[in-house]
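Colleague: I have a structure I would like to understand better, so I am pasting it below and will then ask my questions one at a time.
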Amino acid sequence: MTVPLYDVKNKLSEYVLIAQNEEPVRISKHGKDAAVLINVEEYDNFVHQKSSAFYASLEKWLEENPSTEENTLNVENAFGAFKNRPFVPRQNPFIYNEDEN
């Protein structure tokens with residue numbers, strides 16, 4: 001089911017019930033898909049799958065690249081680039097583009 005944003009604004013409770021009990025609700029803005037309402041179980045499953053895939057990839061990398069003094073996973077080196085990055089709200093907080101600054 002796809003509904004325009006203006007309709008969702010007027011009938012949010014109705015669409016939340018549909019998303020909870022029946023099916024995901026796609027929300028369009030200016031004729032393009034913009035968001036989806038899904039029930040909590042679907043969301044939790046999605047997040048769990050994404051985090052499981054990440055940890056599986058990390059575990060595989062750690063197995064293939066055993067730690068040595070020269071090759072130690074250093075959190076400061078790995079994430080230091082983000083430490084001093086200014087916070088700028090974005091449409092998608094999971095995408096960071098250097099050109100946006």
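Residues are named by chain letter and number: chains run A, B, ... in the order of the structure tokens, numbers start at 1 in each chain, and ligands are numbered from 1 in the order shown.
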So that I can see what lies close to Lys32 of chain A, please list as an NGL selection string the residues with an atom at most 12 Å from it, counting only C-alpha atoms and leaving out residues fewer than 3 positions away in the same chain.
Modeller: :A and (2-5 or 26-29 or 35-36)
Colleague: Residues near Glu42 of chain A, anyone? I mean within 10 Å using only C-alpha atoms, not counting same-chain ones fewer than 3 positions away, as a ChimeraX atom specification.
Modeller: /A:19-20,24,38-39,45-48
Colleague: Measure the distance from atom CA of Glu23 of chain A to atom CA of Met1 of chain A in Å and round it to one decimal.
Modeller: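 Between atom CA of Glu23 of chain A and atom CA of Met1 of chain A the gap is 7.6 Å.
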Colleague: Distance atom CA of Leu17 of chain A-atom CA of Lys50 of chain A, one decimal place?
Modeller: 25.7 Å
Colleague: Record the distance separating atom CA of Asp33 of chain A and atom CA of Lys11 of chain A, expressed in Å with one decimal.
Modeller: 17.8 Å
Colleague: Find, counting only C-alpha atoms, the residue in A:Asn65, A:Asn21, A:Ser52, A:Ser13 that gets nearest to Val40 of chain A.
Modeller: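 Using only C-alpha atoms, Val40 of chain A sits closest to A:Asn21.
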